[in-house]
Structures are given as structure tokens and as C-alpha cells.
Amino acid sequence: MSGYSLSDFEAVLAIGRKASFRAAAVDLGISTSALSSAIAKLESQLGVRLFNRTTRSVALTEAGRRFVDQVTPALRDVHQALDTVRSQQDTPSGTLRINTFPTAAREIMAPLVLEFLRRFPEVHIDLVTEGNLTDIVAAGFDFGVRSRDLVPSDMIAIPITPARRYVVVASPAYLAERERPQVPADLLSHVCIRIRLPNGAMYRWHFESQGQPTQVDVRGPIILDEASVARMAVLENVGFGFFMESDVRSDIDAGRMVQVLENWTPALAPLCLYYPSRRNPPAAVKVFVDLARELARAAKQN
């Protein structure tokens, strides 16, 4: 392996997974130009092209596929050996990579992530938020955080929040001269802030009463894909918004927003921290799991 490094091999695998230099560079925490240079150097040393590149796509060559097939299990063994050594650390250190979605990140930031950093200052956290569900093992994450019903069945899962729910809210000024909706269909006569999903589709607001689900394709002058921006629109009296309760609970409690249709938004599955089973997890992984279990016990009490 003279002249080569683990980071070179990790770079090839990342590009192979993402089929994109830019996306792989984000995963690896380096610039696209640095990644491109590293791959060009590796290909020169090997004397073969690992990727076919066009202006629109990147794909493994036949030699690249063989390289990935043979390097992947070897890297797995190397990481297992590193895990074994790190599990013996007296002081947890290193970097933990966590994949989640934006709302969940806001929910776990204070009780889990920031509390962990206070307890273990030698550990760094790399928290990645994205709307689409990610294979955390293939993408090189230590943990994922998703709703319990989205956790893959082969993962160890720890519920870390109480039951959650959506809420429908508007500002007092918006409601001052309008009737409050009594059933979800009443929203069709109101101005609403529409939601775009990560896949580009429009989100139909979901409701349920006495076990009967219903959806409403609301109408409104603005389409948003970020809850914090939608919150601003509601506070500026644009109309109704549909949020995870944790994102606007302080606004409801302070009277800046008024909640409606409470009986139509039942409890949802809790958030879970999940991770693959590892024989000798690094010390940082073990203590992070311990803190998550503390949160799980607190969530049960709530």
C-alpha cells in the first residue's frame, strides 16, 4: 500500500456511493477540487481509470467496480480493528457522525447533542440534516435519528423523545376577523402556507380523528420547505401553518400563535436514535448511547 492512504480508498467508496464528486466531498468534509485531485493522483498511481466522468454524471469503470468490491471488506476489517483500539480509550475522543432531518435536529440539539459535548469535550459531533432517508451504514454515519416507524428493522433503536404531534396554527391577528376551522376541510376556505417535500412533491396536510385519517391539499400564496421560514410567515399573519409541535410550542404558550384542530392531530411515533450493532464500539459511541438511554428513561416518565 506504499503511496496510498485509507483516505484515498474512502474517497473512492464515497464517490461510488454518491455517483457525484460534489456529494462525496460533502460526506468526506473536503472540497470538491481536493477530492478530484486525490482521485486523479490515485488513478495515476494505479495506472487505471476508476471513474468515467461526464459533465452530468460520474460512474465507476469496470476496474473501479472491481476495486470497490475488493477494497470494501478490507476497509471494514480495518475499521473494526480501529474500533477495537478506540473502545479501550480512557477518555472518549474522535468524531461522531449523525444523520437526521431538520426538525429532529432541533428537538435533540439541547438534550442530547449539546449535553453530550458538555460531558465529553474531546469528542466532536458532525450532524447532517436531510429530508430523505439515508442508509447510515453505507454513508458512513455512526447514528441516525428518525421517527420510530422509519427506523430500519436491522438497527438497534432507542426512543429518545416523548410522543410527538403536528399542530395547525395561525396568528391572533389572522384569526381576528375569521372563523376558526372546526374540521380539516374548513382549511380550504383559509389561506395556508403550503409545504414542499424533499422529493419535490407537495405535502397534503394529514389529520386523523377516531382512527379515520384524512388529507387536505391546502391552498395558499406561498410554498416553503423549511419550518423556520414557515414560522416567520405565520407570525407575519400570512395564514395557517402546519408544524411539528416542538417547533412552535413556545409561540403557542406565549400567545403569538393560536392552535386549532387539536382533536385532529393525534400522537405520532417518538424519535429514535438508531445504530448498527458493533462488536467493539469506540468509547465515544458507547457513552453517546448511554446518554441516549438516559433520555429514553426521561421520555418514558413524560
# chains A, B, ... in the order shown; residues from 1 in each chain; ligands from 1
call {"tool": "residues_around", "arguments": {"residues": "A:Thr265", "least_positions_apart": "6", "cutoff": "9 Å", "atoms": "only C-alpha atoms", "output": "MDAnalysis selection string"}}
result
chainID A and resid 165:168 206:209
call {"tool": "atom_distance", "arguments": {"atom1": "atom CA of A:Tyr174", "atom2": "atom CA of A:Ala267"}}
result
26.7 Å
call {"tool": "closest_residue", "arguments": {"among": "A:Val145, A:Leu187, A:Val48, A:Leu133", "to": "A:Thr103", "atoms": "only C-alpha atoms"}}
result
A:Val145
call {"tool": "closest_residue", "arguments": {"among": "A:Gly140, A:Pro92, A:Pro276, A:Gly241", "to": "A:Gly29", "atoms": "only C-alpha atoms"}}
result
A:Gly140
call {"tool": "atom_distance", "arguments": {"atom1": "atom CA of A:Leu261", "atom2": "atom CA of A:Gln182"}}
result
6.4 Å
call {"tool": "residues_around", "arguments": {"residues": "stretch 111-125 of chain A", "least_positions_apart": "3", "cutoff": "8 Å", "atoms": "only C-alpha atoms", "output": "list of chain:residue names"}}
result
A:Thr91, A:Pro92, A:Ser93, A:Gly94, A:Thr95, A:Leu96, A:Arg97, A:Ile98, A:Glu107, A:Ile108, A:Ala284, A:Phe288, A:Leu291, A:Ala292, A:Leu295
call {"tool": "write_last_selection", "arguments": {"atoms": "N, CA and C atoms", "output": "PDB file, in the first residue's frame"}}
result
ATOM      1  N   THR A  91     -10.490   8.182  27.817  1.00  0.00           N
ATOM      2  CA  THR A  91     -11.247   9.401  27.560  1.00  0.00           C
ATOM      3  C   THR A  91     -11.810   9.336  26.145  1.00  0.00           C
ATOM      4  N   PRO A  92     -13.135   9.312  25.994  1.00  0.00           N
ATOM      5  CA  PRO A  92     -13.723   9.256  24.650  1.00  0.00           C
ATOM      6  C   PRO A  92     -13.245  10.423  23.794  1.00  0.00           C
ATOM      7  N   SER A  93     -12.928  10.139  22.523  1.00  0.00           N
ATOM      8  CA  SER A  93     -12.471  11.174  21.608  1.00  0.00           C
ATOM      9  C   SER A  93     -12.874  10.791  20.193  1.00  0.00           C
ATOM     10  N   GLY A  94     -12.507  11.638  19.252  1.00  0.00           N
ATOM     11  CA  GLY A  94     -12.849  11.371  17.857  1.00  0.00           C
ATOM     12  C   GLY A  94     -14.071  12.149  17.426  1.00  0.00           C
ATOM     13  N   THR A  95     -14.668  11.743  16.303  1.00  0.00           N
ATOM     14  CA  THR A  95     -15.838  12.412  15.738  1.00  0.00           C
ATOM     15  C   THR A  95     -16.982  11.424  15.569  1.00  0.00           C
ATOM     16  N   LEU A  96     -18.169  11.821  16.013  1.00  0.00           N
ATOM     17  CA  LEU A  96     -19.376  11.031  15.796  1.00  0.00           C
ATOM     18  C   LEU A  96     -20.194  11.706  14.707  1.00  0.00           C
ATOM     19  N   ARG A  97     -20.579  10.925  13.693  1.00  0.00           N
ATOM     20  CA  ARG A  97     -21.390  11.450  12.590  1.00  0.00           C
ATOM     21  C   ARG A  97     -22.836  10.988  12.774  1.00  0.00           C
ATOM     22  N   ILE A  98     -23.759  11.956  12.745  1.00  0.00           N
ATOM     23  CA  ILE A  98     -25.178  11.673  12.982  1.00  0.00           C
ATOM     24  C   ILE A  98     -25.981  12.193  11.802  1.00  0.00           C
ATOM     25  N   GLU A 107     -34.986  19.172  17.843  1.00  0.00           N
ATOM     26  CA  GLU A 107     -35.506  18.519  19.055  1.00  0.00           C
ATOM     27  C   GLU A 107     -34.400  17.887  19.899  1.00  0.00           C
ATOM     28  N   ILE A 108     -33.376  17.351  19.253  1.00  0.00           N
ATOM     29  CA  ILE A 108     -32.333  16.637  20.004  1.00  0.00           C
ATOM     30  C   ILE A 108     -31.136  17.518  20.343  1.00  0.00           C
ATOM     31  N   ALA A 284     -16.412   6.669  22.383  1.00  0.00           N
ATOM     32  CA  ALA A 284     -17.336   7.788  22.132  1.00  0.00           C
ATOM     33  C   ALA A 284     -18.728   7.280  21.777  1.00  0.00           C
ATOM     34  N   PHE A 288     -22.166   7.905  24.062  1.00  0.00           N
ATOM     35  CA  PHE A 288     -23.292   8.579  23.405  1.00  0.00           C
ATOM     36  C   PHE A 288     -24.558   7.736  23.559  1.00  0.00           C
ATOM     37  N   LEU A 291     -25.950   8.147  27.056  1.00  0.00           N
ATOM     38  CA  LEU A 291     -26.714   9.379  27.241  1.00  0.00           C
ATOM     39  C   LEU A 291     -28.089   9.250  26.575  1.00  0.00           C
ATOM     40  N   ALA A 292     -28.146   8.619  25.418  1.00  0.00           N
ATOM     41  CA  ALA A 292     -29.431   8.410  24.747  1.00  0.00           C
ATOM     42  C   ALA A 292     -30.368   7.580  25.615  1.00  0.00           C
ATOM     43  N   LEU A 295     -31.961   9.741  28.125  1.00  0.00           N
ATOM     44  CA  LEU A 295     -33.081  10.461  27.541  1.00  0.00           C
ATOM     45  C   LEU A 295     -34.306   9.560  27.387  1.00  0.00           C
TER      46      LEU A 295
END
call {"tool": "atom_distance", "arguments": {"atom1": "atom CA of A:Ala170", "atom2": "atom CA of A:Arg146"}}
result
27.2 Å
call {"tool": "residues_around", "arguments": {"residues": "stretch 60-66 of chain A", "least_positions_apart": "4", "cutoff": "7 Å", "atoms": "only C-alpha atoms", "output": "ChimeraX atom specification"}}
result
/A:16,49-52,70
call {"tool": "write_last_selection", "arguments": {"atoms": "C-alpha atoms", "output": "PDB file, in the first residue's frame"}}
result
ATOM      1  CA  GLY A  16     -19.107   5.244  -5.829  1.00  0.00           C
ATOM      2  CA  ARG A  49      -9.246   4.967 -14.557  1.00  0.00           C
ATOM      3  CA  LEU A  50     -11.624   4.257 -11.672  1.00  0.00           C
ATOM      4  CA  PHE A  51     -14.402   6.573 -12.858  1.00  0.00           C
ATOM      5  CA  ASN A  52     -15.984   7.607 -16.105  1.00  0.00           C
ATOM      6  CA  GLN A  70     -12.284  -5.882  -3.090  1.00  0.00           C
TER       7      GLN A  70
END
call {"tool": "closest_residue", "arguments": {"among": "A:Tyr274, A:Phe21, A:Trp205, A:Phe143", "to": "A:Met244", "atoms": "only C-alpha atoms"}}
result
A:Trp205
call {"tool": "select_by_dssp", "arguments": {"residues": "stretch 224-255 of chain A", "states": "alpha helix (DSSP H)", "output": "number ranges by chain"}}
result
A: 227-235, 245-253
call {"tool": "select_by_dssp", "arguments": {"residues": "stretch 126-209 of chain A", "states": "strand (DSSP E)", "output": "list in words"}}
result
Asp126, Leu127, Val128, Thr129, Phe143, Gly144, Val145, Arg146, Ser147, Ile156, Ala157, Ile158, Pro159, Tyr166, Val167, Val168, Val169, Ala170, Ile193, Arg194, Ile195, Trp205, His206, Phe207, Glu208 and Ser209 of chain A
call {"tool": "closest_residue", "arguments": {"among": "A:Leu75, A:Val169, A:Leu82, A:Val287", "to": "A:Ser5", "atoms": "only C-alpha atoms"}}
result
A:Leu75
call {"tool": "closest_residue", "arguments": {"among": "A:Ala296, A:Phe240, A:Asp290, A:Asp154", "to": "A:Tyr275", "atoms": "only C-alpha atoms"}}
result
A:Asp154
